[in-house]
Amino acid sequence: MSGQAQANVDPAVRIGHVHLKVADLERALGFYRDILGFEETYRRPGAVFLAAGGYHHHIALNTWESRGSSPPAAGATGLYHLAILYPSRPLLADALRRLIEARIPLDGASDHGVSEALYLRDPDENGVELYWDRPRDLWPRAADGSLVMTTERLDLHGLLAELDQAPA
């Protein structure tokens with residue numbers, strides 16, 4: 001790298017998908033497809049591709065280098081978590097309902113001011129964050145206009161109450 005400052009990436013750039021090494025495809029599908037609700041879009045030997053909304057894939061699962069293996073040791077480098085963005089609070093509430101019904105424990109649940117998030121582990125011990133962003137005009141700001149993110153306890157009962165208020 002040269003000592004010159006680099007231009008920022010174009011604001012339209014997005015993270016397109018994540019590709020996870022898993023030990024057992026069917027077990028991983030039981031979580032990402034059957035509990036979280038992603039649609040299987042493509043399958044090939046040792047891999048399955050999943051998406052929402054007709055996209056080609058948001059999540060790919062493969063066993064090419066990991067069939068039957070153990071998760072990485074604690075403290076090792078690698079994926080901290082993948083984050084799945086829900087478009088609304090009621091849809092995040094529905095995800096929480098699915099986790100409760102499947103008896104999937106949460107590692108945590110936080111209100112970050114800009115977003116509300118659920119933290120958990122998939123069957124291969126990959127960290128997963130399920131979250132929704134508040135509208136930008138509601139994001140907390142300091143007097144100088146800079147963003148202020150927090151980590152407060154998320155009211156899970158209040159989140160689940162969204163299900164009672166959602167239109168049928």
# chains A, B, ... in the order shown; residues from 1 in each chain; ligands from 1
>>> closest_atom_pairs(of="segment 111-139 of chain A", to="segment 146-165 of chain A", cutoff="9 Å", atoms="only C-alpha atoms", output="JSON lines")
{"residue": "A:Asp111", "atom": "CA", "partner": "A:Leu154", "partner_atom": "CA", "distance": 4.9}
{"residue": "A:His112", "atom": "CA", "partner": "A:Thr150", "partner_atom": "CA", "distance": 4.5}
{"residue": "A:Gly113", "atom": "CA", "partner": "A:Met149", "partner_atom": "CA", "distance": 5.6}
{"residue": "A:Val114", "atom": "CA", "partner": "A:Met149", "partner_atom": "CA", "distance": 6.5}
{"residue": "A:Ser115", "atom": "CA", "partner": "A:Met149", "partner_atom": "CA", "distance": 8.8}
{"residue": "A:Glu116", "atom": "CA", "partner": "A:Leu154", "partner_atom": "CA", "distance": 6.9}
{"residue": "A:Ala117", "atom": "CA", "partner": "A:Leu154", "partner_atom": "CA", "distance": 7.7}
{"residue": "A:Leu118", "atom": "CA", "partner": "A:Leu154", "partner_atom": "CA", "distance": 8.5}
{"residue": "A:Trp139", "atom": "CA", "partner": "A:Leu147", "partner_atom": "CA", "distance": 7.2}
>>> write_last_selection(atoms="N, CA and C atoms", output="PDB file, in the first residue's frame")
ATOM      1  N   ASP A 111     -30.088  -3.655  22.424  1.00  0.00           N
ATOM      2  CA  ASP A 111     -30.582  -2.448  21.758  1.00  0.00           C
ATOM      3  C   ASP A 111     -29.366  -1.553  21.580  1.00  0.00           C
ATOM      4  N   HIS A 112     -28.980  -1.326  20.329  1.00  0.00           N
ATOM      5  CA  HIS A 112     -27.791  -0.524  20.030  1.00  0.00           C
ATOM      6  C   HIS A 112     -28.129   0.919  19.662  1.00  0.00           C
ATOM      7  N   GLY A 113     -29.380   1.324  19.888  1.00  0.00           N
ATOM      8  CA  GLY A 113     -29.786   2.675  19.520  1.00  0.00           C
ATOM      9  C   GLY A 113     -30.130   2.770  18.044  1.00  0.00           C
ATOM     10  N   VAL A 114     -29.207   2.356  17.189  1.00  0.00           N
ATOM     11  CA  VAL A 114     -29.437   2.351  15.748  1.00  0.00           C
ATOM     12  C   VAL A 114     -30.173   1.097  15.299  1.00  0.00           C
ATOM     13  N   SER A 115     -30.099   0.059  16.124  1.00  0.00           N
ATOM     14  CA  SER A 115     -30.667  -1.242  15.756  1.00  0.00           C
ATOM     15  C   SER A 115     -31.001  -2.033  17.011  1.00  0.00           C
ATOM     16  N   GLU A 116     -31.762  -3.100  16.805  1.00  0.00           N
ATOM     17  CA  GLU A 116     -32.028  -4.087  17.859  1.00  0.00           C
ATOM     18  C   GLU A 116     -31.557  -5.433  17.323  1.00  0.00           C
ATOM     19  N   ALA A 117     -30.861  -6.205  18.177  1.00  0.00           N
ATOM     20  CA  ALA A 117     -30.192  -7.399  17.693  1.00  0.00           C
ATOM     21  C   ALA A 117     -30.341  -8.581  18.634  1.00  0.00           C
ATOM     22  N   LEU A 118     -30.454  -9.750  18.035  1.00  0.00           N
ATOM     23  CA  LEU A 118     -30.445 -11.036  18.731  1.00  0.00           C
ATOM     24  C   LEU A 118     -29.156 -11.743  18.352  1.00  0.00           C
ATOM     25  N   TRP A 139     -31.818   7.480  14.641  1.00  0.00           N
ATOM     26  CA  TRP A 139     -30.538   7.070  15.211  1.00  0.00           C
ATOM     27  C   TRP A 139     -30.055   8.114  16.217  1.00  0.00           C
TER      28      TRP A 139
END
>>> select_by_dssp(residues="chain A", states="strand (DSSP E)", output="VMD selection string")
chain A and resid 18 to 21 39 to 44 47 to 51 59 to 62 82 to 86 108 to 111 115 to 121 127 to 133 152 to 153
>>> residues_around(residues="segment 58-70 of chain A", least_positions_apart="2", cutoff="7 Å", atoms="only C-alpha atoms", output="mmCIF file with N, CA and C atoms, in the first residue's frame")
data_model
loop_
_atom_site.group_PDB
_atom_site.id
_atom_site.type_symbol
_atom_site.label_atom_id
_atom_site.label_comp_id
_atom_site.auth_asym_id
_atom_site.auth_seq_id
_atom_site.Cartn_x
_atom_site.Cartn_y
_atom_site.Cartn_z
ATOM 1 N N GLY A 16 -22.666 -9.006 -0.311
ATOM 2 C CA GLY A 16 -23.635 -9.787 -1.080
ATOM 3 C C GLY A 16 -24.038 -11.098 -0.445
ATOM 4 N N HIS A 17 -23.088 -11.878 0.062
ATOM 5 C CA HIS A 17 -23.426 -13.164 0.665
ATOM 6 C C HIS A 17 -22.289 -13.621 1.567
ATOM 7 N N VAL A 18 -22.584 -14.635 2.337
ATOM 8 C CA VAL A 18 -21.585 -15.268 3.185
ATOM 9 C C VAL A 18 -21.557 -16.752 2.814
ATOM 10 N N HIS A 19 -20.381 -17.333 2.829
ATOM 11 C CA HIS A 19 -20.207 -18.752 2.502
ATOM 12 C C HIS A 19 -19.595 -19.414 3.733
ATOM 13 N N LEU A 20 -20.335 -20.316 4.352
ATOM 14 C CA LEU A 20 -19.921 -20.932 5.614
ATOM 15 C C LEU A 20 -19.492 -22.382 5.429
ATOM 16 N N LYS A 21 -18.384 -22.739 6.057
ATOM 17 C CA LYS A 21 -17.988 -24.140 6.124
ATOM 18 C C LYS A 21 -18.773 -24.778 7.266
ATOM 19 N N VAL A 22 -19.437 -25.884 6.985
ATOM 20 C CA VAL A 22 -20.223 -26.582 7.995
ATOM 21 C C VAL A 22 -19.809 -28.049 8.038
ATOM 22 N N ALA A 23 -20.130 -28.721 9.129
ATOM 23 C CA ALA A 23 -19.784 -30.130 9.281
ATOM 24 C C ALA A 23 -20.823 -31.052 8.649
ATOM 25 N N ASP A 24 -22.085 -30.610 8.644
ATOM 26 C CA ASP A 24 -23.190 -31.452 8.173
ATOM 27 C C ASP A 24 -24.209 -30.558 7.463
ATOM 28 N N LEU A 25 -24.355 -30.750 6.151
ATOM 29 C CA LEU A 25 -25.265 -29.891 5.378
ATOM 30 C C LEU A 25 -26.701 -29.974 5.863
ATOM 31 N N GLY A 46 -21.891 -31.279 -1.988
ATOM 32 C CA GLY A 46 -21.197 -30.664 -0.872
ATOM 33 C C GLY A 46 -21.575 -29.232 -0.565
ATOM 34 N N ALA A 47 -22.593 -28.680 -1.240
ATOM 35 C CA ALA A 47 -22.947 -27.283 -0.995
ATOM 36 C C ALA A 47 -24.427 -27.035 -1.262
ATOM 37 N N VAL A 48 -24.983 -26.101 -0.500
ATOM 38 C CA VAL A 48 -26.364 -25.658 -0.690
ATOM 39 C C VAL A 48 -26.364 -24.133 -0.604
ATOM 40 N N PHE A 49 -27.147 -23.498 -1.474
ATOM 41 C CA PHE A 49 -27.240 -22.043 -1.525
ATOM 42 C C PHE A 49 -28.646 -21.633 -1.097
ATOM 43 N N LEU A 50 -28.740 -20.606 -0.251
ATOM 44 C CA LEU A 50 -30.011 -20.172 0.330
ATOM 45 C C LEU A 50 -30.181 -18.670 0.140
ATOM 46 N N ALA A 51 -31.448 -18.245 0.045
ATOM 47 C CA ALA A 51 -31.712 -16.819 -0.165
ATOM 48 C C ALA A 51 -33.078 -16.440 0.367
ATOM 49 N N PRO A 72 -13.999 -24.214 15.012
ATOM 50 C CA PRO A 72 -12.677 -23.698 15.393
ATOM 51 C C PRO A 72 -12.586 -23.533 16.911
#
>>> closest_residue(among="A:Leu120, A:Ala83, A:Arg43, A:Tyr55", to="Leu96 of chain A", atoms="only C-alpha atoms")
A:Leu120
>>> atom_distance(atom1="atom CA of Pro123 of chain A", atom2="atom CA of Phe31 of chain A")
7.2 Å
>>> residues_around(residues="Tyr80 of chain A", least_positions_apart="6", cutoff="9 Å", atoms="only C-alpha atoms", output="list in words")
Asn126, Gly127 and Val128 of chain A
>>> write_last_selection(atoms="C-alpha atoms", output="compact mmCIF listing (two decimals), in the first residue's frame")
# COMPACT_ATOMS: atom_id res chain seq x y z
CA ASN A 126 -20.86 -19.83 13.95
CA GLY A 127 -22.03 -16.60 15.52
CA VAL A 128 -25.28 -15.27 14.06
>>> closest_residue(among="A:Val9, A:Ala73, A:Ile35, A:Ala142", to="Arg103 of chain A", atoms="only C-alpha atoms")
A:Ile35
>>> atom_distance(atom1="atom CA of Asp122 of chain A", atom2="atom CA of Arg14 of chain A")
23.4 Å
